[in-house]
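Text of final_19.cif, listed as mmCIF, C-alpha atoms:
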data_coords
#
loop_
_atom_site.label_atom_id
_atom_site.label_comp_id
_atom_site.auth_asym_id
_atom_site.auth_seq_id
_atom_site.Cartn_x
_atom_site.Cartn_y
_atom_site.Cartn_z
CA MET G 1 44.49 113.28 38.24
CA LYS G 2 45.33 115.86 35.61
CA GLU G 3 44.38 114.78 32.10
CA PRO G 4 47.41 114.48 29.76
CA THR G 5 47.79 117.40 27.36
CA MET G 6 47.63 115.27 24.21
CA GLN G 7 44.36 113.71 25.32
CA LEU G 8 42.95 117.18 25.95
CA ILE G 9 43.94 118.25 22.43
CA ASN G 10 42.33 115.12 20.99
CA ASN G 11 39.19 115.89 22.99
CA LEU G 12 38.85 119.21 21.16
CA ASN G 13 37.25 117.08 18.43
CA HIS G 14 35.14 115.05 20.87
CA GLU G 15 31.56 114.36 19.79
CA GLN G 16 30.17 116.36 22.72
CA ILE G 17 30.46 120.16 22.71
CA LYS G 18 30.73 120.35 26.50
CA VAL G 19 33.75 118.02 26.44
CA ARG G 20 35.39 120.07 23.67
CA LEU G 21 34.97 123.35 25.55
CA ALA G 22 35.98 121.84 28.91
CA SER G 23 39.15 120.45 27.32
CA LEU G 24 39.99 123.87 25.89
CA THR G 25 39.40 125.43 29.31
CA GLU G 26 41.92 123.05 30.85
CA LEU G 27 44.45 123.71 28.08
CA VAL G 28 44.13 127.44 28.75
CA ARG G 29 44.71 126.77 32.45
CA GLN G 30 47.90 124.93 31.52
CA ILE G 31 49.00 127.87 29.37
CA ASN G 32 48.32 130.33 32.18
CA SER G 33 50.22 128.18 34.67
CA GLY G 34 53.25 127.89 32.42
CA GLU G 35 52.79 124.18 31.72
CA LEU G 36 52.22 124.97 28.06
CA PRO G 37 53.87 127.77 26.06
CA VAL G 38 51.98 130.95 25.20
CA SER G 39 51.39 131.27 21.47
CA LYS G 40 53.31 134.10 19.82
CA SER G 41 50.89 136.37 17.98
CA THR G 42 51.72 137.18 14.36
CA GLY G 43 49.13 139.94 14.11
CA SER G 44 47.54 138.03 11.22
CA VAL G 45 43.82 137.43 10.72
CA ASN G 46 41.62 134.86 8.98
CA ASN G 47 37.89 135.23 8.43
CA HIS G 48 37.25 132.02 6.46
CA ILE G 49 37.81 128.95 8.62
CA HIS G 50 35.64 125.93 7.89
CA THR G 51 34.74 123.48 10.65
CA THR G 52 33.16 120.04 10.90
CA TYR G 53 29.82 121.74 10.35
CA SER G 54 30.74 121.88 6.66
CA PHE G 55 33.97 120.05 5.80
CA SER G 56 37.08 120.27 7.95
CA PRO G 57 39.28 118.21 10.28
CA TYR G 58 38.45 120.69 13.04
CA SER G 59 35.46 121.16 15.31
CA PRO G 60 34.72 124.82 16.06
CA THR G 61 36.68 124.46 19.32
CA LYS G 62 39.61 122.73 17.62
CA ALA G 63 39.61 125.37 14.88
CA VAL G 64 39.97 128.12 17.50
CA TRP G 65 42.79 126.18 19.18
CA MET G 66 44.58 125.80 15.84
CA ALA G 67 44.08 129.48 15.06
CA TYR G 68 45.51 130.47 18.44
CA ASN G 69 48.55 128.23 18.07
CA ALA G 70 49.18 129.48 14.55
CA GLY G 71 49.47 132.98 15.98
CA LEU G 72 46.28 134.46 14.59
CA THR G 73 45.01 137.59 16.29
CA THR G 74 41.44 137.00 15.12
CA ALA G 75 39.57 134.04 13.67
CA GLY G 76 36.31 133.76 11.72
CA ILE G 77 34.08 130.72 11.21
CA MET G 78 32.69 130.24 7.71
CA ASP G 79 30.76 127.04 7.01
CA HIS G 80 28.77 126.09 3.91
CA ASP G 81 25.02 126.58 4.33
CA SER G 82 25.35 126.29 8.11
CA ILE G 83 25.87 128.56 11.08
CA SER G 84 25.38 125.78 13.62
CA GLY G 85 28.99 125.89 14.81
CA ALA G 86 29.02 129.64 15.45
CA GLU G 87 28.02 129.70 19.11
CA GLU G 88 30.64 127.09 20.02
CA PHE G 89 33.26 128.96 17.98
CA THR G 90 32.45 132.18 19.83
CA ALA G 91 32.54 130.44 23.22
CA ALA G 92 35.91 128.87 22.41
CA GLY G 93 37.29 132.26 21.40
CA LYS G 94 36.24 133.73 24.73
CA ILE G 95 37.88 130.87 26.64
CA ILE G 96 41.23 131.39 24.94
CA SER G 97 40.89 135.19 24.59
CA LEU G 98 40.95 135.15 20.79
CA ALA G 99 38.76 137.67 18.97
CA THR G 100 36.27 135.92 16.71
CA THR G 101 33.71 136.68 14.04
CA ILE G 102 30.96 134.52 12.58
CA GLY G 103 29.56 134.07 9.10
CA ILE G 104 28.14 131.65 6.57
CA GLU G 105 29.10 130.74 3.00
CA CYS G 106 26.54 129.76 0.42
CA ARG G 107 25.91 129.46 -3.30
CA ALA G 108 23.27 131.62 -4.93
CA ASP G 109 21.51 131.66 -8.27
CA PHE G 110 22.49 134.60 -10.50
CA SER G 111 20.46 133.43 -13.50
CA GLN G 112 18.04 136.36 -13.15
CA THR G 113 20.89 138.86 -13.47
CA PRO G 114 23.13 139.96 -16.38
CA LEU G 115 25.57 137.24 -15.23
CA ASN G 116 23.25 134.47 -16.41
CA GLY G 117 25.13 131.81 -18.38
CA ARG G 118 28.56 132.94 -17.20
CA LEU G 119 31.09 130.94 -15.24
CA ILE G 120 31.34 133.19 -12.20
CA ASN G 121 33.30 131.84 -9.22
CA ASN G 122 31.94 128.29 -9.17
CA PRO G 123 34.18 125.91 -11.16
CA ASP G 124 31.40 123.32 -11.42
CA GLN G 125 28.44 125.32 -12.70
CA LYS G 126 27.52 128.46 -14.63
CA SER G 127 25.16 131.14 -13.23
CA ILE G 128 25.85 129.98 -9.66
CA ALA G 129 28.20 131.93 -7.42
CA TYR G 130 29.65 131.66 -3.94
CA LEU G 131 29.17 134.47 -1.47
CA ALA G 132 29.58 135.02 2.25
CA LEU G 133 27.55 136.73 4.93
CA HIS G 134 30.06 138.15 7.41
CA GLY G 135 29.63 139.68 10.84
CA ILE G 136 26.26 138.08 11.54
CA PRO G 137 24.71 139.54 14.72
CA HIS G 138 24.47 136.75 17.28
CA SER G 139 20.84 137.58 17.92
CA GLN G 140 20.09 136.54 14.32
CA ILE G 141 21.60 133.04 14.34
CA GLY G 142 18.15 131.44 14.60
CA LYS G 143 16.85 133.35 11.58
CA VAL G 144 19.88 132.33 9.52
CA THR G 145 19.37 128.69 10.53
CA ASP G 146 15.71 128.82 9.54
CA PHE G 147 16.57 130.29 6.14
CA PHE G 148 19.22 127.71 5.20
CA THR G 149 17.68 124.52 6.66
CA PRO G 150 15.40 123.80 3.66
CA TYR G 151 18.29 124.47 1.27
CA ARG G 152 20.46 121.90 3.10
CA GLN G 153 17.60 119.42 2.78
CA GLU G 154 17.42 120.05 -0.95
CA ARG G 155 21.17 119.64 -1.19
CA ASN G 156 20.97 116.23 0.43
CA ILE G 157 18.47 115.10 -2.19
CA ARG G 158 21.06 115.95 -4.84
CA ASN G 159 23.84 114.43 -2.71
CA GLN G 160 22.07 111.08 -2.72
CA LYS G 161 21.66 111.23 -6.49
CA MET G 162 25.38 111.99 -6.89
CA VAL G 163 26.29 109.05 -4.66
CA ALA G 164 24.15 106.84 -6.90
CA ARG G 165 25.94 108.17 -9.98
CA LEU G 166 29.30 107.58 -8.33
CA ASN G 167 28.26 104.02 -7.50
CA ASP G 168 27.49 103.41 -11.18
CA LEU G 169 30.99 104.59 -12.06
CA PHE G 170 32.64 102.32 -9.50
CA ALA G 171 30.42 99.28 -9.88
CA PRO G 172 33.02 97.57 -12.17
CA HIS G 173 35.51 97.89 -9.30
CA ASN G 174 33.15 96.46 -6.65
CA ILE G 175 33.09 99.71 -4.69
CA HIS G 176 29.78 100.95 -3.34
CA LEU G 177 28.90 103.90 -1.10
CA SER G 178 25.89 104.28 1.13
CA PHE G 179 24.82 107.88 1.69
CA ASP G 180 23.38 107.06 5.12
CA GLN G 181 26.12 104.71 6.31
CA ASP G 182 29.28 106.04 4.64
CA VAL G 183 28.76 109.73 3.80
CA LYS G 184 26.39 111.15 6.40
CA PRO G 185 28.43 109.94 9.44
CA LEU G 186 31.40 111.99 8.18
CA SER G 187 29.35 115.16 8.63
CA MET G 188 27.58 117.10 11.38
CA ALA G 189 24.26 116.87 9.53
CA GLN G 190 22.51 115.59 12.65
CA ALA G 191 23.45 118.84 14.39
CA GLY G 192 22.65 121.29 11.59
CA GLY G 193 25.80 120.88 9.52
CA SER G 194 25.95 120.58 5.74
CA ILE G 195 27.03 117.72 3.49
CA THR G 196 29.12 118.64 0.45
CA GLU G 197 30.83 116.96 -2.47
CA ARG G 198 33.93 116.76 -0.28
CA HIS G 199 32.09 114.47 2.15
CA ILE G 200 31.14 112.16 -0.71
CA LEU G 201 34.70 112.01 -1.99
CA PHE G 202 36.09 111.58 1.52
CA ALA G 203 33.84 108.55 1.96
CA LEU G 204 35.10 107.25 -1.38
CA ALA G 205 38.69 107.85 -0.28
CA HIS G 206 38.15 105.63 2.76
CA LYS G 207 36.61 102.91 0.57
CA LEU G 208 39.56 103.03 -1.82
CA ILE G 209 42.05 102.77 1.03
CA THR G 210 40.17 99.78 2.43
CA THR G 211 40.09 98.11 -1.00
CA TYR G 212 43.57 98.89 -2.34
CA GLY G 213 45.55 99.82 0.75
CA ARG G 214 48.03 102.68 0.87
CA GLY G 215 50.84 103.00 -1.62
CA ARG G 216 51.71 101.83 -5.11
CA VAL G 217 48.67 99.63 -5.79
CA LEU G 218 46.28 102.50 -5.07
CA VAL G 219 48.36 105.02 -7.03
CA ASP G 220 48.42 102.71 -10.06
CA PHE G 221 44.65 102.26 -9.83
CA LEU G 222 44.11 106.02 -9.75
CA LYS G 223 46.47 106.72 -12.66
CA ASN G 224 46.10 103.70 -14.91
CA THR G 225 42.53 102.56 -14.31
CA LEU G 226 40.68 105.77 -13.39
CA LYS G 227 43.00 107.89 -15.59
CA LEU G 228 43.22 110.63 -12.98
CA GLU G 229 45.95 113.22 -13.45
CA PHE G 230 47.89 114.55 -10.45
CA GLY G 231 51.35 115.90 -9.80
CA LYS G 232 54.43 114.32 -8.26
CA LYS G 233 53.86 116.03 -4.93
CA LEU G 234 50.49 114.35 -4.44
CA GLU G 235 51.82 111.08 -5.80
CA ASP G 236 54.63 111.12 -3.24
CA TYR G 237 52.09 111.73 -0.50
CA LEU G 238 50.08 108.71 -1.63
CA LEU G 239 53.14 106.49 -1.91
CA ASP G 240 53.94 107.21 1.73
CA SER G 241 51.90 104.65 3.66
CA ASP G 242 52.76 106.37 6.94
CA ASN G 243 51.35 109.71 5.79
CA ARG G 244 49.03 110.84 8.59
CA TYR G 245 47.03 113.01 6.20
CA TYR G 246 46.56 110.19 3.70
CA PRO G 247 42.74 110.33 3.34
CA TYR G 248 42.85 114.12 2.86
CA ASP G 249 45.58 113.88 0.22
CA LEU G 250 43.61 111.19 -1.57
CA LEU G 251 40.57 113.47 -1.39
CA GLY G 252 42.66 116.18 -3.07
CA VAL G 253 43.44 113.84 -5.96
CA LEU G 254 39.83 112.74 -6.35
CA LYS G 255 38.50 116.29 -6.19
CA GLY G 256 40.81 117.38 -9.00
CA ASP G 257 39.34 115.23 -11.78
CA LEU G 258 36.49 113.09 -10.52
CA VAL G 259 33.85 115.66 -9.56
CA LYS G 260 32.84 116.36 -13.15
CA ALA G 261 32.14 112.64 -13.64
CA PHE G 262 29.37 112.47 -11.04
CA TYR G 263 28.38 116.11 -10.51
CA ILE G 264 24.71 117.00 -10.85
CA PRO G 265 23.92 120.72 -11.27
CA ALA G 266 22.60 122.40 -8.14
CA THR G 267 19.20 124.01 -8.59
CA ALA G 268 16.65 123.98 -5.77
CA GLU G 269 19.37 124.18 -3.12
CA CYS G 270 20.65 127.53 -4.39
CA PRO G 271 18.48 130.51 -3.37
CA ASP G 272 18.04 133.42 -5.73
CA ILE G 273 20.75 136.00 -5.04
CA ARG G 274 18.16 138.69 -4.26
CA ASP G 275 16.69 136.51 -1.51
CA VAL G 276 20.12 136.11 0.08
CA ILE G 277 20.81 139.84 -0.08
CA ARG G 278 17.37 140.50 1.41
CA LEU G 279 18.19 138.11 4.27
CA SER G 280 21.53 139.83 4.85
CA GLN G 281 19.85 143.22 5.05
CA GLU G 282 17.18 141.91 7.43
CA ILE G 283 19.68 140.36 9.85
CA GLY G 284 22.21 143.19 9.63
CA SER G 285 25.13 141.12 8.29
CA ILE G 286 27.71 142.17 5.70
CA SER G 287 27.15 140.57 2.29
CA ALA G 288 30.37 139.77 0.43
CA TYR G 289 31.01 138.40 -3.03
CA ALA G 290 33.86 135.85 -2.99
CA TYR G 291 36.33 136.76 -5.74
CA LEU G 292 38.07 133.81 -7.37
CA GLY G 293 39.74 135.26 -10.46
CA ASP G 294 41.12 133.58 -13.57
CA VAL G 295 43.59 130.80 -12.91
CA GLY G 296 46.63 130.65 -15.18
CA ASP G 297 49.70 129.31 -13.45
CA SER G 298 47.98 128.68 -10.14
CA VAL G 299 49.70 130.57 -7.35
CA THR G 300 48.82 127.83 -4.89
CA GLY G 301 49.28 124.95 -7.34
CA ASP G 302 45.91 123.38 -6.57
CA LYS G 303 43.78 124.78 -9.38
CA LYS G 304 43.72 123.98 -13.07
CA SER G 305 44.01 126.72 -15.67
CA GLN G 306 40.51 128.15 -16.06
CA LYS G 307 38.86 131.49 -16.70
CA PHE G 308 36.38 132.99 -14.27
CA GLU G 309 35.48 136.65 -13.66
CA ASP G 310 38.45 138.66 -14.88
CA ASP G 311 37.26 139.19 -18.47
CA TYR G 312 34.04 140.83 -17.25
CA LEU G 313 35.09 142.23 -13.88
CA ASP G 314 33.63 145.68 -14.59
CA LEU G 315 30.23 144.14 -15.37
CA LEU G 316 30.46 141.95 -12.28
CA PHE G 317 31.05 144.92 -10.00
CA ALA G 318 28.18 146.84 -11.57
CA VAL G 319 25.85 143.88 -10.99
CA LEU G 320 27.04 143.42 -7.41
CA GLN G 321 26.47 147.08 -6.67
CA ASP G 322 23.01 146.97 -8.21
CA LEU G 323 22.12 143.92 -6.11
CA GLY G 324 23.17 145.69 -2.91
CA PHE G 325 26.34 143.85 -1.93
CA ASN G 326 28.42 145.47 0.81
CA ALA G 327 31.82 143.87 0.33
CA ILE G 328 34.26 141.76 -1.63
CA THR G 329 36.07 138.93 0.12
CA TYR G 330 39.25 137.51 -1.37
CA MET G 331 42.29 135.40 -0.53
CA PRO G 332 45.56 137.23 -1.19
CA SER G 333 47.47 133.95 -1.49
CA ARG G 334 45.22 132.71 -4.31
CA ASN G 335 45.85 135.36 -6.96
CA THR G 336 48.60 137.35 -8.60
CA LEU G 337 49.43 140.84 -7.38
CA THR G 338 48.22 142.25 -10.72
CA GLN G 339 44.81 140.63 -10.26
CA LEU G 340 44.50 141.82 -6.69
CA LEU G 341 45.54 145.41 -7.36
CA ARG G 342 42.88 145.63 -10.08
CA LEU G 343 40.36 144.13 -7.66
CA LYS G 344 41.27 146.61 -4.92
CA SER G 345 40.96 149.51 -7.34
CA LEU G 346 37.44 148.43 -8.31
CA CYS G 347 36.50 148.01 -4.65
CA GLN G 348 37.52 151.61 -4.04
CA GLN G 349 35.63 152.85 -7.10
CA HIS G 350 32.42 151.09 -6.06
CA GLY G 351 32.73 151.68 -2.32
CA PHE G 352 33.02 148.00 -1.41
CA PHE G 353 34.39 146.93 1.96
CA GLU G 354 37.37 144.55 1.54
CA ILE G 355 37.48 141.36 3.62
CA SER G 356 40.19 138.71 3.71
CA GLY G 357 39.96 135.03 4.48
CA GLU G 358 42.05 131.95 3.69
CA ASP G 359 39.79 128.96 3.04
CA ILE G 360 40.76 126.39 5.70
CA ASN G 361 39.34 122.88 5.27
CA SER G 362 42.37 120.56 5.16
CA PRO G 363 45.04 119.65 7.75
CA ARG G 364 47.89 120.68 5.44
CA GLN G 365 46.68 124.26 5.14
CA SER G 366 48.30 127.05 7.08
CA PHE G 367 46.04 129.36 9.06
CA ILE G 368 48.46 132.20 8.32
CA CYS G 369 48.43 134.18 5.08
CA ASP G 370 51.91 135.61 4.53
CA ALA G 371 50.54 137.94 1.84
CA LEU G 372 48.84 139.99 4.55
CA LEU G 373 52.30 141.20 5.55
CA GLN G 374 52.66 143.00 2.23
CA LYS G 375 51.91 146.71 2.39
CA GLU G 376 49.21 146.37 -0.27
CA PHE G 377 47.09 144.23 2.07
CA THR G 378 47.55 145.65 5.55
CA ASN G 379 44.11 147.27 5.16
CA LEU G 380 42.65 143.76 5.43
CA ILE G 381 43.79 143.57 9.04
CA ASP G 382 42.07 146.88 9.82
CA SER G 383 38.93 145.70 8.04
CA THR G 384 38.85 142.55 10.14
CA TRP G 385 38.86 144.56 13.35
CA ALA G 386 36.12 146.73 11.87
CA LEU G 387 34.19 143.56 11.05
CA ILE G 388 34.53 142.43 14.67
CA GLY G 389 33.43 145.86 15.90
CA HIS G 390 30.42 145.77 13.59
CA GLU G 391 29.42 142.29 14.80
CA ARG G 392 29.59 143.29 18.46
CA VAL G 393 27.62 146.48 17.94
CA ALA G 394 25.01 144.84 15.69
CA THR G 395 24.55 141.97 18.12
CA LYS G 396 23.32 144.52 20.67
CA ASP G 397 21.37 146.59 18.13
CA ILE G 398 21.09 145.72 14.43
CA SER G 399 20.30 149.33 13.54
CA GLN G 400 23.80 150.38 14.65
CA GLY G 401 25.67 148.08 12.24
CA MET G 402 28.31 149.18 9.78
CA PHE G 403 26.07 149.34 6.70
CA GLN G 404 22.90 150.54 8.41
CA PRO G 405 21.52 154.02 7.58
CA GLN G 406 22.53 155.48 10.96
CA ALA G 407 26.18 154.51 10.58
CA ILE G 408 26.28 155.66 6.95
CA ALA G 409 24.70 159.00 7.86
CA LYS G 410 27.24 159.53 10.63
CA TYR G 411 30.22 158.35 8.57
CA PRO G 412 29.39 158.65 4.84
CA GLU G 413 32.96 157.76 3.84
CA LEU G 414 33.65 154.03 4.10
CA GLY G 415 37.19 154.68 5.35
CA ASP G 416 35.86 156.71 8.27
CA ARG G 417 33.35 153.98 9.10
CA ILE G 418 36.09 151.35 9.03
CA ALA G 419 38.20 153.44 11.41
CA TYR G 420 35.26 153.90 13.79
CA PHE G 421 34.30 150.22 13.95
CA LYS G 422 37.94 149.13 14.07
CA GLU G 423 38.42 151.02 17.30
CA ILE G 424 35.33 149.36 18.77
CA GLY G 425 36.66 145.96 17.74
CA ARG G 426 40.10 146.52 19.23
CA LYS G 427 38.82 148.05 22.48
CA GLN G 428 36.81 144.95 23.27
CA GLN G 429 39.63 142.41 22.89
#
Mind turning this structure into structure tokens?
Amino acid sequence: MKEPTMQLINNLNHEQIKVRLASLTELVRQINSGELPVSKSTGSVNNHIHTTYSFSPYSPTKAVWMAYNAGLTTAGIMDHDSISGAEEFTAAGKIISLATTIGIECRADFSQTPLNGRLINNPDQKSIAYLALHGIPHSQIGKVTDFFTPYRQERNIRNQKMVARLNDLFAPHNIHLSFDQDVKPLSMAQAGGSITERHILFALAHKLITTYGRGRVLVDFLKNTLKLEFGKKLEDYLLDSDNRYYPYDLLGVLKGDLVKAFYIPATAECPDIRDVIRLSQEIGSISAYAYLGDVGDSVTGDKKSQKFEDDYLDLLFAVLQDLGFNAITYMPSRNTLTQLLRLKSLCQQHGFFEISGEDINSPRQSFICDALLQKEFTNLIDSTWALIGHERVATKDISQGMFQPQAIAKYPELGDRIAYFKEIGRKQQ
């Protein structure tokens, strides 16, 4: 008997990879037979999709399914400190004929650079910055795993200390979290995934719902007892007891104000930036600094007013170039056009490859970035196809990658290299 479509979709988040991929295979069969509609492609791309291997409602297979149904032409996996979901993500892309790319996001220590003591792109800590390794050759997945495994272990030591600190804060309210019983099961740590502050707060969100229920009592506790500040939109979400995204919306409220109360600075879990760049060069990936930019009136409404890199952007670019970065990755929906045009100009001056990606880790987020339709950002679609071309070529032979000496010698101009690798990416759809 044919399995109902909704059950197949639910199975995309099944605990077993083989069930997830088999369910996707059957969904594709239903699409090909006309039982399900074919997704209409928007031509859009997204290189920054988180999965359950960091924090997300989506397994790698479910993430690919969501990307396909959103109309993405390409999709890229980007988990924190973990590449363990990459092979499944790639396999799912092949099943549904969606071009994919793989990468990893991490934090690195910039304290031994001229950026020491500055708030860079990490709202929680100075001298620590987020970056991404894009287009990782598939032959190098094992080496990437080996590099980041000890850093995930160090992170979990800090995670347990933060849970203890959070328990001290909530002891007067008779709320207690167990790292092993409440936090860890929400992650894919047993399969090489990472555990982040979001996991801790998600576990807390579930405890709060169990204790106070959904609705007015919980909202009053958050506002009047915990003194958390959040807007009417989030309050309305939390007053709606039938809200299917309730735990995620509660997480959004907790993340806004509570992190600073239990946060412990990350040290041993953040590799020195030069070690990360050295790894990127060894494995033939594309190293990319993740631009955040000052937040005034937040374009997306989910960030408080805060200053980051904009006051010293020229220095930042000089440091990144000196370190050997290849690219800048940014989210067009997160910043003003003025910020982004300045960023693009500096990328051109310093010869940095531009990569786009909308950070997907919540069920309310759209996989589509409308800003990519603006003429100023159409190059980000071309760069994504070049990224895919690079990854395919480098998987066969690292020495042929986009930023390897052979490619640079053949195409000294970055624009020519992008055009070359873009054609490779598109030809192998």
Show which residues sit within 7 Å of Gly357 in chain G, as a list in words. Count all atoms listed in the file, and ignore same-chain residues fewer than 3 positions away. Asn46, Asn47, His48, Tyr330 and Met331 of chain G
Extract, using all atoms listed in the file, all DNA, RNA and protein residues at most 9 Å from range 213-227 of chain G, discarding same-chain residues fewer than 2 positions from it, and format them as number ranges by chain. G: 208-211, 229-230, 235, 237-242, 246, 253-254, 258
The distance between CA of Ser111 in chain G and CA of Asp272 in chain G is 8.1 Å
Do you know which residues are at most 10 Å from Glu423 in chain G counting all atoms listed in the file, after dropping those on the same chain fewer than 3 positions away, and could you put them as an mmCIF file with C-alpha atoms, in the coordinates of the input?
data_model
loop_
_atom_site.group_PDB
_atom_site.id
_atom_site.type_symbol
_atom_site.label_atom_id
_atom_site.label_comp_id
_atom_site.auth_asym_id
_atom_site.auth_seq_id
_atom_site.Cartn_x
_atom_site.Cartn_y
_atom_site.Cartn_z
ATOM 1 C CA ASP G 382 42.070 146.880 9.820
ATOM 2 C CA TRP G 385 38.860 144.560 13.350
ATOM 3 C CA ALA G 386 36.120 146.730 11.870
ATOM 4 C CA ILE G 388 34.530 142.430 14.670
ATOM 5 C CA GLY G 389 33.430 145.860 15.900
ATOM 6 C CA ILE G 418 36.090 151.350 9.030
ATOM 7 C CA ALA G 419 38.200 153.440 11.410
ATOM 8 C CA TYR G 420 35.260 153.900 13.790
ATOM 9 C CA ARG G 426 40.100 146.520 19.230
ATOM 10 C CA LYS G 427 38.820 148.050 22.480
ATOM 11 C CA GLN G 428 36.810 144.950 23.270
#
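Across the model, the gap from CA of Tyr245 in chain G to CA of Leu98 in chain G is 27.2 Å.
What separates CA of Thr25 in chain G from CA of Thr101 in chain G is a distance of 19.8 Å.
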Taking the file above as input, evaluate the PyMOL selection byres ((chain G and resi 315-325) around 10) and report the hits as a ChimeraX atom specification. /G:110,113-115,120,131,133,273-274,277-278,280-281,286-289,309-314,326-328,343,346-347,349-353
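With the shown file loaded, the PyMOL selection byres ((chain G and resi 43) around 7) picks out Ser41, Thr42, Ser44, Val45, Leu72 and Thr73 of chain G.
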Taking the file as I've supplied it (selection: the PyMOL selection byres ((chain G and resi 134-147) around 7)), which residues are included? Please answer as a VMD selection string. chain G and resid 82 to 83 101 to 104 132 to 133 148 to 149 283 to 287 387 to 388 390 to 391 394 to 395
Shell around range 11-21 of chain G at 12 Å using all atoms listed in the file, local window under 5 positions removed, as a PDB file with C-alpha atoms, in the frame of the given file:
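Dumped to around_29.pdb:
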ATOM      1  CA  GLU G   3      44.380 114.780  32.100  1.00  0.00           C
ATOM      2  CA  PRO G   4      47.410 114.480  29.760  1.00  0.00           C
ATOM      3  CA  THR G   5      47.790 117.400  27.360  1.00  0.00           C
ATOM      4  CA  MET G   6      47.630 115.270  24.210  1.00  0.00           C
ATOM      5  CA  GLU G  26      41.920 123.050  30.850  1.00  0.00           C
ATOM      6  CA  LEU G  27      44.450 123.710  28.080  1.00  0.00           C
ATOM      7  CA  VAL G  28      44.130 127.440  28.750  1.00  0.00           C
ATOM      8  CA  THR G  51      34.740 123.480  10.650  1.00  0.00           C
ATOM      9  CA  THR G  52      33.160 120.040  10.900  1.00  0.00           C
ATOM     10  CA  TYR G  53      29.820 121.740  10.350  1.00  0.00           C
ATOM     11  CA  SER G  56      37.080 120.270   7.950  1.00  0.00           C
ATOM     12  CA  PRO G  57      39.280 118.210  10.280  1.00  0.00           C
ATOM     13  CA  TYR G  58      38.450 120.690  13.040  1.00  0.00           C
ATOM     14  CA  SER G  59      35.460 121.160  15.310  1.00  0.00           C
ATOM     15  CA  PRO G  60      34.720 124.820  16.060  1.00  0.00           C
ATOM     16  CA  THR G  61      36.680 124.460  19.320  1.00  0.00           C
ATOM     17  CA  LYS G  62      39.610 122.730  17.620  1.00  0.00           C
ATOM     18  CA  ALA G  63      39.610 125.370  14.880  1.00  0.00           C
ATOM     19  CA  VAL G  64      39.970 128.120  17.500  1.00  0.00           C
ATOM     20  CA  TRP G  65      42.790 126.180  19.180  1.00  0.00           C
ATOM     21  CA  MET G  66      44.580 125.800  15.840  1.00  0.00           C
ATOM     22  CA  SER G  84      25.380 125.780  13.620  1.00  0.00           C
ATOM     23  CA  GLY G  85      28.990 125.890  14.810  1.00  0.00           C
ATOM     24  CA  GLU G  87      28.020 129.700  19.110  1.00  0.00           C
ATOM     25  CA  GLU G  88      30.640 127.090  20.020  1.00  0.00           C
ATOM     26  CA  PHE G  89      33.260 128.960  17.980  1.00  0.00           C
ATOM     27  CA  THR G  90      32.450 132.180  19.830  1.00  0.00           C
ATOM     28  CA  ALA G  91      32.540 130.440  23.220  1.00  0.00           C
ATOM     29  CA  ALA G  92      35.910 128.870  22.410  1.00  0.00           C
ATOM     30  CA  GLY G  93      37.290 132.260  21.400  1.00  0.00           C
ATOM     31  CA  LYS G  94      36.240 133.730  24.730  1.00  0.00           C
ATOM     32  CA  ILE G  95      37.880 130.870  26.640  1.00  0.00           C
ATOM     33  CA  ILE G  96      41.230 131.390  24.940  1.00  0.00           C
ATOM     34  CA  PRO G 185      28.430 109.940   9.440  1.00  0.00           C
ATOM     35  CA  LEU G 186      31.400 111.990   8.180  1.00  0.00           C
ATOM     36  CA  SER G 187      29.350 115.160   8.630  1.00  0.00           C
ATOM     37  CA  MET G 188      27.580 117.100  11.380  1.00  0.00           C
ATOM     38  CA  GLN G 190      22.510 115.590  12.650  1.00  0.00           C
ATOM     39  CA  ALA G 191      23.450 118.840  14.390  1.00  0.00           C
TER      40      ALA G 191
END
Find the spatial neighbours of range 155-160 of chain G, counting all atoms listed in the file, within a cut-off of 10 Å - ignore same-chain residues fewer than 3 positions away - and output them as a PyMOL selection string. chain G and resi 81+149-152+163-166+178-180+183-184+189+194-197+199-200+263-270
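Take the candidates G:Leu250, G:Leu36, G:Leu169, G:Leu234 and check each one against Phe202 in chain G using all atoms listed in the file; the shortest distance goes to G:Leu250.
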Nearest to Ile9 in chain G: which of G:Ala22, G:Leu380, G:Ala75, G:Ile128 is it, counting all atoms listed in the file? G:Ala22
Closest of G:Asn10, G:Ser333, G:Ser345, G:Gln404 to Glu282 in chain G - atom-to-atom distances counting all atoms listed in the file: G:Gln404
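Distances here use only C-alpha atoms; by that measure, the residue among G:Ser383, G:Gln400, G:Asn243, G:Gln181 closest to Gly415 in chain G is G:Ser383.
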